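Visitor: Sharing entry.txt, compact mmCIF, C-alpha atoms:
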# COMPACT_ATOMS: atom_id res chain seq x y z
CA MET A 120 114.68 157.69 164.47
CA GLU A 121 116.29 158.83 161.23
CA LEU A 122 118.46 161.33 163.12
CA LEU A 123 119.63 158.57 165.48
CA PHE A 124 120.51 156.31 162.56
CA ASN A 125 122.44 159.13 160.84
CA THR A 126 124.32 159.87 164.05
CA VAL A 127 125.35 156.24 164.54
CA SER A 128 126.45 155.88 160.91
CA THR A 129 128.43 159.13 161.20
CA VAL A 130 130.20 157.82 164.31
CA VAL A 131 131.20 154.69 162.41
CA GLU A 132 132.46 156.77 159.46
CA THR A 133 134.43 159.02 161.82
CA ILE A 134 136.09 156.02 163.50
CA VAL A 135 137.16 154.75 160.06
CA ASP A 136 138.53 158.21 159.17
CA VAL A 137 140.41 158.68 162.45
CA ALA A 138 141.85 155.14 162.55
CA PRO A 139 144.68 155.81 160.00
CA ILE A 140 145.80 158.88 161.98
CA VAL A 141 145.99 156.87 165.20
CA ALA A 142 147.79 154.05 163.39
CA VAL A 143 150.46 156.39 162.02
CA LEU A 144 151.06 157.97 165.43
CA ILE A 145 151.39 154.60 167.17
CA LEU A 146 153.58 153.21 164.37
CA PHE A 147 156.07 156.07 164.59
CA GLN A 148 156.03 155.99 168.38
CA VAL A 149 156.73 152.25 168.59
CA ALA A 150 158.68 151.45 165.42
CA VAL A 151 160.64 154.67 164.76
CA ILE A 152 161.05 156.41 168.12
CA ARG A 153 160.97 153.01 169.89
CA GLN A 154 159.34 154.29 173.01
CA PRO A 155 156.12 153.17 174.69
CA VAL A 156 153.05 155.32 174.10
CA PRO A 157 153.02 157.99 176.83
CA ASN A 158 149.84 158.24 178.93
CA PRO A 159 147.92 155.55 177.00
CA ARG A 160 144.79 156.06 179.09
CA ARG A 161 144.75 159.79 178.34
CA MET A 162 145.39 159.09 174.67
CA VAL A 163 142.46 156.67 174.43
CA THR A 164 140.21 159.15 176.24
CA GLY A 165 141.29 161.92 173.87
CA ILE A 166 140.61 159.79 170.81
CA ILE A 167 137.12 159.01 172.10
CA TYR A 168 136.48 162.75 172.60
CA VAL A 169 137.74 163.45 169.08
CA VAL A 170 135.44 160.83 167.56
CA ILE A 171 132.42 162.10 169.49
CA GLY A 172 133.18 165.75 168.74
CA LEU A 173 133.78 165.22 165.03
CA SER A 174 130.69 163.05 164.71
CA LEU A 175 128.43 165.60 166.37
CA PHE A 176 129.99 168.37 164.28
CA ILE A 177 129.38 166.50 161.02
CA VAL A 178 125.79 165.74 162.04
CA GLY A 179 125.31 169.43 162.84
CA LEU A 180 126.62 170.37 159.40
CA ARG A 181 124.27 168.00 157.63
CA GLU A 182 121.21 168.81 159.70
CA ALA A 183 121.59 172.57 160.23
CA LEU A 184 124.40 174.57 158.63
CA PHE A 185 124.22 173.24 155.07
CA PRO A 186 120.40 173.48 154.87
CA LEU A 187 120.44 176.92 156.50
CA GLY A 188 122.93 178.33 154.00
CA GLU A 189 120.98 176.95 151.06
CA ILE A 190 117.65 178.18 152.44
CA MET A 191 119.00 181.70 152.97
CA ALA A 192 120.36 181.76 149.42
CA ARG A 193 116.98 180.69 148.01
CA GLN A 194 115.07 183.25 150.06
CA LEU A 195 117.40 186.12 149.13
CA THR A 196 117.24 185.28 145.43
CA ALA A 197 113.50 184.68 145.22
CA PRO A 198 111.90 187.07 142.69
CA ASP A 199 109.20 187.96 145.20
CA PHE A 200 111.83 189.16 147.68
CA ILE A 201 113.96 190.93 145.09
CA GLY A 202 110.92 192.64 143.63
CA GLY A 203 111.85 192.17 140.01
CA GLY A 204 109.46 191.50 137.18
CA GLY A 205 110.57 187.88 136.88
CA ALA A 206 113.69 185.75 136.73
CA ALA A 207 114.34 186.67 133.10
CA THR A 208 114.43 190.41 133.81
CA LEU A 209 116.75 190.29 136.84
CA SER A 210 120.27 191.74 136.61
CA TRP A 211 123.26 191.62 138.95
CA ARG A 212 122.13 194.94 140.50
CA ASP A 213 118.99 193.26 141.86
CA TYR A 214 120.99 190.92 144.11
CA GLY A 215 122.31 193.59 146.46
CA TRP A 216 121.06 191.85 149.60
CA VAL A 217 122.84 188.67 148.53
CA TYR A 218 126.19 190.49 148.47
CA VAL A 219 125.49 192.12 151.82
CA PHE A 220 124.47 188.83 153.42
CA ALA A 221 127.49 187.01 151.97
CA ALA A 222 129.90 189.65 153.29
CA ALA A 223 128.19 189.69 156.70
CA ILE A 224 128.18 185.89 157.10
CA GLY A 225 131.79 185.71 155.94
CA PHE A 226 132.81 188.31 158.51
CA ALA A 227 130.83 186.69 161.34
CA THR A 228 132.03 183.13 160.73
CA THR A 229 135.65 184.25 160.50
CA ILE A 230 135.51 186.18 163.76
CA ALA A 231 134.20 182.99 165.40
CA GLU A 232 136.80 180.74 163.71
CA PRO A 233 138.71 178.83 166.44
CA SER A 234 141.79 178.34 164.26
CA LEU A 235 142.07 182.09 163.63
CA ILE A 236 141.79 182.81 167.35
CA ALA A 237 144.59 180.31 168.02
CA VAL A 238 146.84 181.87 165.37
CA ALA A 239 146.14 185.40 166.68
CA LEU A 240 147.04 184.36 170.23
CA LYS A 241 150.31 182.81 169.07
CA ALA A 242 151.09 185.82 166.87
CA ARG A 243 150.74 188.19 169.82
CA GLN A 244 152.84 185.90 171.98
CA VAL A 245 155.80 185.58 169.61
CA SER A 246 155.67 189.24 168.56
CA GLY A 247 155.85 190.50 172.14
CA GLY A 248 152.44 192.13 171.86
CA THR A 249 153.15 194.20 168.75
CA ILE A 250 150.55 192.21 166.78
CA SER A 251 147.09 192.80 168.21
CA ILE A 252 144.77 189.84 168.55
CA TRP A 253 141.69 191.80 167.55
CA GLY A 254 143.59 193.73 164.89
CA LEU A 255 144.59 190.50 163.15
CA ARG A 256 141.16 188.90 163.57
CA LEU A 257 139.39 191.95 162.17
CA ALA A 258 141.83 192.24 159.26
CA VAL A 259 141.26 188.60 158.32
CA ALA A 260 137.48 188.87 158.79
CA VAL A 261 137.30 191.94 156.56
CA GLY A 262 139.26 190.05 153.91
CA VAL A 263 136.87 187.10 154.04
CA ALA A 264 133.88 189.45 153.91
CA LEU A 265 135.25 191.16 150.80
CA GLY A 266 136.17 187.84 149.21
CA VAL A 267 132.85 186.10 149.83
CA GLY A 268 130.90 189.18 148.76
CA LEU A 269 132.87 189.38 145.51
CA GLY A 270 132.53 185.62 145.08
CA THR A 271 128.75 185.81 145.20
CA PHE A 272 128.91 188.62 142.64
CA ARG A 273 130.89 186.25 140.41
CA ILE A 274 128.23 183.56 140.81
CA VAL A 275 125.42 185.97 139.97
CA THR A 276 127.19 187.36 136.90
CA GLY A 277 128.60 184.02 135.78
CA THR A 278 132.05 185.47 135.00
CA PRO A 279 135.04 183.07 134.97
CA LEU A 280 136.64 182.37 138.35
CA VAL A 281 140.17 182.44 136.97
CA PHE A 282 140.07 186.19 136.22
CA TYR A 283 139.28 187.06 139.83
CA ILE A 284 141.89 184.71 141.28
CA ILE A 285 144.63 185.98 138.95
CA ALA A 286 143.82 189.60 139.79
CA ALA A 287 143.76 188.81 143.52
CA TYR A 288 147.14 187.09 143.46
CA VAL A 289 148.65 189.93 141.45
CA GLY A 290 147.59 192.14 144.35
CA VAL A 291 149.06 189.66 146.83
CA ILE A 292 152.39 189.65 145.00
CA ALA A 293 152.48 193.46 144.80
CA LEU A 294 151.79 193.83 148.53
CA THR A 295 154.26 191.06 149.37
CA LEU A 296 157.06 192.91 147.59
CA ARG A 297 156.30 196.03 149.66
CA SER A 298 155.82 194.32 153.02
CA GLY A 299 158.29 193.45 155.74
CA ARG A 300 159.57 189.91 156.14
CA THR A 301 157.99 189.53 159.58
CA ILE A 302 154.39 189.92 158.45
CA ILE A 303 154.46 187.95 155.17
CA PRO A 304 154.37 184.39 156.64
CA LEU A 305 151.62 185.38 159.08
CA ALA A 306 149.56 186.94 156.28
CA TYR A 307 149.81 183.80 154.15
CA ASP A 308 148.89 181.58 157.08
CA SER A 309 145.95 183.86 157.87
CA GLY A 310 144.50 183.00 154.48
CA GLY A 311 144.73 179.31 155.27
CA VAL A 312 143.11 179.37 158.70
CA THR A 313 139.91 180.80 157.24
CA THR A 314 139.23 177.51 155.46
CA SER A 315 138.39 175.71 158.67
CA THR A 316 135.53 174.30 160.73
CA VAL A 317 133.13 177.23 160.91
CA THR A 318 133.68 179.20 157.70
CA VAL A 319 133.87 176.41 155.12
CA PRO A 320 130.47 174.73 155.73
CA VAL A 321 128.48 177.96 155.77
CA VAL A 322 130.24 179.55 152.79
CA THR A 323 130.07 176.35 150.74
CA ALA A 324 126.36 175.95 151.44
CA LEU A 325 125.79 179.58 150.49
CA GLY A 326 127.60 179.15 147.17
CA LEU A 327 125.76 175.96 146.25
CA GLY A 328 122.40 177.42 147.24
CA LEU A 329 123.03 180.58 145.27
CA ALA A 330 124.16 178.73 142.15
CA SER A 331 121.06 176.52 142.39
CA THR A 332 118.65 179.46 142.44
CA VAL A 333 120.19 182.05 140.13
CA PRO A 334 118.90 181.43 136.58
CA GLY A 335 121.50 180.01 134.23
CA ARG A 336 123.98 178.95 136.92
CA SER A 337 125.23 175.44 137.61
CA PRO A 338 125.99 174.27 141.17
CA VAL A 339 128.90 172.19 139.86
CA ILE A 340 130.49 174.95 137.78
CA ASP A 341 129.48 178.08 139.69
CA GLY A 342 128.62 176.78 143.17
CA PHE A 343 132.18 176.15 144.25
CA GLY A 344 134.99 178.71 144.40
CA LEU A 345 133.90 180.88 147.32
CA ILE A 346 136.50 179.22 149.55
CA ALA A 347 139.21 180.38 147.14
CA PHE A 348 138.02 183.96 147.60
CA ALA A 349 137.90 183.46 151.37
CA SER A 350 141.53 182.28 151.29
CA VAL A 351 143.23 184.87 149.11
CA PHE A 352 141.58 188.12 150.21
CA PRO A 353 142.61 187.81 153.89
CA ILE A 354 146.23 187.74 152.71
CA ILE A 355 145.63 191.09 151.00
CA THR A 356 143.91 192.66 154.00
CA VAL A 357 146.52 191.44 156.51
CA LEU A 358 149.35 192.77 154.34
CA GLY A 359 147.40 196.00 153.94
CA TYR A 360 146.82 196.13 157.70
CA ALA A 361 150.58 195.88 158.22
CA GLN A 362 151.22 198.66 155.70
CA ILE A 363 148.70 200.90 157.44
CA GLY A 364 150.38 200.19 160.78
CA ILE A 365 153.78 201.14 159.35
CA TRP A 366 152.34 204.31 157.83
CA LEU A 367 150.71 205.33 161.11
CA ALA A 368 153.95 204.68 163.01
CA ARG A 369 155.91 206.87 160.60
CA LEU A 370 153.30 209.60 160.83
CA SER A 371 153.47 209.50 164.62
CA ASN A 372 157.26 209.72 164.55
CA LYS A 373 157.12 212.72 162.21
CA ARG A 374 154.71 214.49 164.52
CA ARG A 375 156.94 213.83 167.51
CA GLY A 376 159.98 215.07 165.59
CA SER A 377 158.24 218.28 164.52
CA ALA A 378 157.03 218.89 168.09
Would you encode the structure as structure tokens?

Guide:
Amino acid sequence: MELLFNTVSTVVETIVDVAPIVAVLILFQVAVIRQPVPNPRRMVTGIIYVVIGLSLFIVGLREALFPLGEIMARQLTAPDFIGGGGAATLSWRDYGWVYVFAAAIGFATTIAEPSLIAVALKARQVSGGTISIWGLRLAVAVGVALGVGLGTFRIVTGTPLVFYIIAAYVGVIALTLRSGRTIIPLAYDSGGVTTSTVTVPVVTALGLGLASTVPGRSPVIDGFGLIAFASVFPIITVLGYAQIGIWLARLSNKRRGSA
């Protein structure tokens, strides 16, 4: 009964959230473009699908993904699992499985990210096939894995977030100056598409759960910030992926020339 009540209340909240978007679209269509709404029946049907889909997705987040991420964080940081002598004697080296799990879940959620798949398909289309779908997806997923793994290390150690972000963006700037103009916009967009429907809920729940269980950490201060890591590191790996591709192409040309 409680689940049914939560679902109904979520549907109502979603309708309220979607209403301004629909109002803006209709306003511009009628008042600015001054044309009737095309296919009104299809539009209404689509809006209903959007409301239902978003509502079910939000309910799924609340009932499954958020609790699952927090539970996994608690289990992986439990002293009995780590095998330490107690919470007071644990060091950052004792949380190895936390880093591995964070990197693995970051990689898996990014590979399954619908927005990344859409961007990869469009990138291959406009590049004439020179940009591989799986190459881009793997490069972004590796970046998220590295970022989330390093982010959990930051939570465990309690070091300031700003140092990591500054160092990461210094790397981004250095790679940007060495990269071709064609790959830079795609690399920056690849960092943005990781903060979408699948990755954000799981990574956020992991960060909050970890900050709640590691001694001396605050969920408010230390629990957030993993999404920042998941956004900046894919830019680095995509730019690096492009540099590796250029290097391999030059090496292949040299071998052909010497032959």

Visitor: Quick one: everything within 12 Å of A:Thr228, counting only C-alpha atoms, minus sequence neighbours fewer than 5 positions away in the same chain. Send it as an MDAnalysis selection string.

Guide: chainID A and resid 184 220:223 233:236 256:257 259:261 263:264 267 312:322 349

Visitor: Calculated over only C-alpha atoms, which of the candidates A:Val217, A:Gly277, A:Phe147, A:Ala142 has the smallest distance to A:Ser337?

Guide: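 Ranking A:Val217, A:Gly277, A:Phe147, A:Ala142 by distance to A:Ser337, first place goes to A:Gly277.
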
Visitor: Just how far from atom CA of A:Ile145 is atom CA of A:Ile171, in Å to one decimal?

Guide: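 Computing the Euclidean distance for atom CA of A:Ile171 and atom CA of A:Ile145 yields 20.5 Å.
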
Visitor: Nearest to A:Ile354: which of A:Thr295, A:Ser371, A:Ser128, A:Thr278 is it, counting only C-alpha atoms?

Guide: A:Thr295

Visitor: Mind listing as a list of chain:residue names all residues within 12 Å of (125.7, 171.1, 141.3), counting all atoms listed in the file?

Guide: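 Residues with an atom close enough to that point: A:Thr323, A:Ala324, A:Gly326, A:Leu327, A:Gly328, A:Leu329, A:Ala330, A:Ser331, A:Thr332, A:Arg336, A:Ser337, A:Pro338, A:Val339, A:Ile340, A:Asp341, A:Gly342, A:Phe343.
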
Visitor: I want to know what sits within 8 Å of A:Tyr218, based on only C-alpha atoms, with residues of the same chain fewer than 5 positions away left out; could you give that as a list in words?

Guide: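 Non-adjacent residues within range: Gly268, Leu269, Thr271 and Phe272 of chain A.
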
Visitor: How would the residues just chosen look if you wrote them out with C-alpha atoms as a PDB file, in the frame of the given file?

Guide:
ATOM      1  CA  GLY A 268     130.900 189.180 148.760  1.00  0.00           C
ATOM      2  CA  LEU A 269     132.870 189.380 145.510  1.00  0.00           C
ATOM      3  CA  THR A 271     128.750 185.810 145.200  1.00  0.00           C
ATOM      4  CA  PHE A 272     128.910 188.620 142.640  1.00  0.00           C
TER       5      PHE A 272
END

Visitor: Report as number ranges by chain all protein, DNA and RNA residues lying within 10 Å of A:Pro186, evaluated on only C-alpha atoms, omitting residues in the same chain fewer than 4 positions from it.

Guide: A: 180-182, 190-192, 321, 324-325, 328

Visitor: Just how far from atom CA of A:Asp136 is atom CA of A:Tyr168, in Å to one decimal?

Guide: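 That distance, rounded to one decimal, is 14.3 Å.
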
Visitor: Which is closer to A:Gly254 than all the others in A:Ile152, A:Met120, A:Ile230, A:Thr301, using only C-alpha atoms?

Guide: A:Ile230

Visitor: Could you give me, as an mmCIF file with C-alpha atoms, in the frame of the given file, the residues that sit within 9 Å of (143.5, 186.3, 151.8) in the file's coordinates, counting all atoms listed in the file?

Guide:
data_model
loop_
_atom_site.group_PDB
_atom_site.id
_atom_site.type_symbol
_atom_site.label_atom_id
_atom_site.label_comp_id
_atom_site.auth_asym_id
_atom_site.auth_seq_id
_atom_site.Cartn_x
_atom_site.Cartn_y
_atom_site.Cartn_z
ATOM 1 C CA VAL A 259 141.260 188.600 158.320
ATOM 2 C CA GLY A 262 139.260 190.050 153.910
ATOM 3 C CA VAL A 263 136.870 187.100 154.040
ATOM 4 C CA GLY A 266 136.170 187.840 149.210
ATOM 5 C CA ALA A 287 143.760 188.810 143.520
ATOM 6 C CA VAL A 291 149.060 189.660 146.830
ATOM 7 C CA ALA A 306 149.560 186.940 156.280
ATOM 8 C CA TYR A 307 149.810 183.800 154.150
ATOM 9 C CA ASP A 308 148.890 181.580 157.080
ATOM 10 C CA SER A 309 145.950 183.860 157.870
ATOM 11 C CA GLY A 310 144.500 183.000 154.480
ATOM 12 C CA GLY A 311 144.730 179.310 155.270
ATOM 13 C CA THR A 313 139.910 180.800 157.240
ATOM 14 C CA ALA A 347 139.210 180.380 147.140
ATOM 15 C CA PHE A 348 138.020 183.960 147.600
ATOM 16 C CA ALA A 349 137.900 183.460 151.370
ATOM 17 C CA SER A 350 141.530 182.280 151.290
ATOM 18 C CA VAL A 351 143.230 184.870 149.110
ATOM 19 C CA PHE A 352 141.580 188.120 150.210
ATOM 20 C CA PRO A 353 142.610 187.810 153.890
ATOM 21 C CA ILE A 354 146.230 187.740 152.710
ATOM 22 C CA ILE A 355 145.630 191.090 151.000
ATOM 23 C CA THR A 356 143.910 192.660 154.000
ATOM 24 C CA VAL A 357 146.520 191.440 156.510
#

Visitor: Of the candidates A:Arg273, A:Met162, A:Val156, A:Val137, which one gets nearest to A:Tyr214 if we count all atoms listed in the file?

Guide: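 Of the candidates, the smallest distance to A:Tyr214 is held by A:Arg273.
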
Visitor: Using atom CA of A:Gly188 and atom CA of A:Arg212 as the two end points, give the distance in Å to one decimal.

Guide: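 Atom-to-atom, atom CA of A:Gly188 and atom CA of A:Arg212 are spaced 21.4 Å apart.
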
Visitor: Using all atoms listed in the file, which of the listed residues (A:Glu189, A:Val169, A:Gly344, A:Leu296) sits closest to A:Pro279?

Guide: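 Smallest separation from A:Pro279 among the options: A:Gly344.
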
Visitor: Determine the axis-aligned bounding box of all atoms of stretch 234-253 of chain A present in the file, pad each side by 3 Å, and express its centre and edge lengths in Å to one decimal place as JSON.

Guide:
{"center_x": 148.8, "center_y": 186.3, "center_z": 167.9, "size_x": 20.2, "size_y": 21.9, "size_z": 14.5}
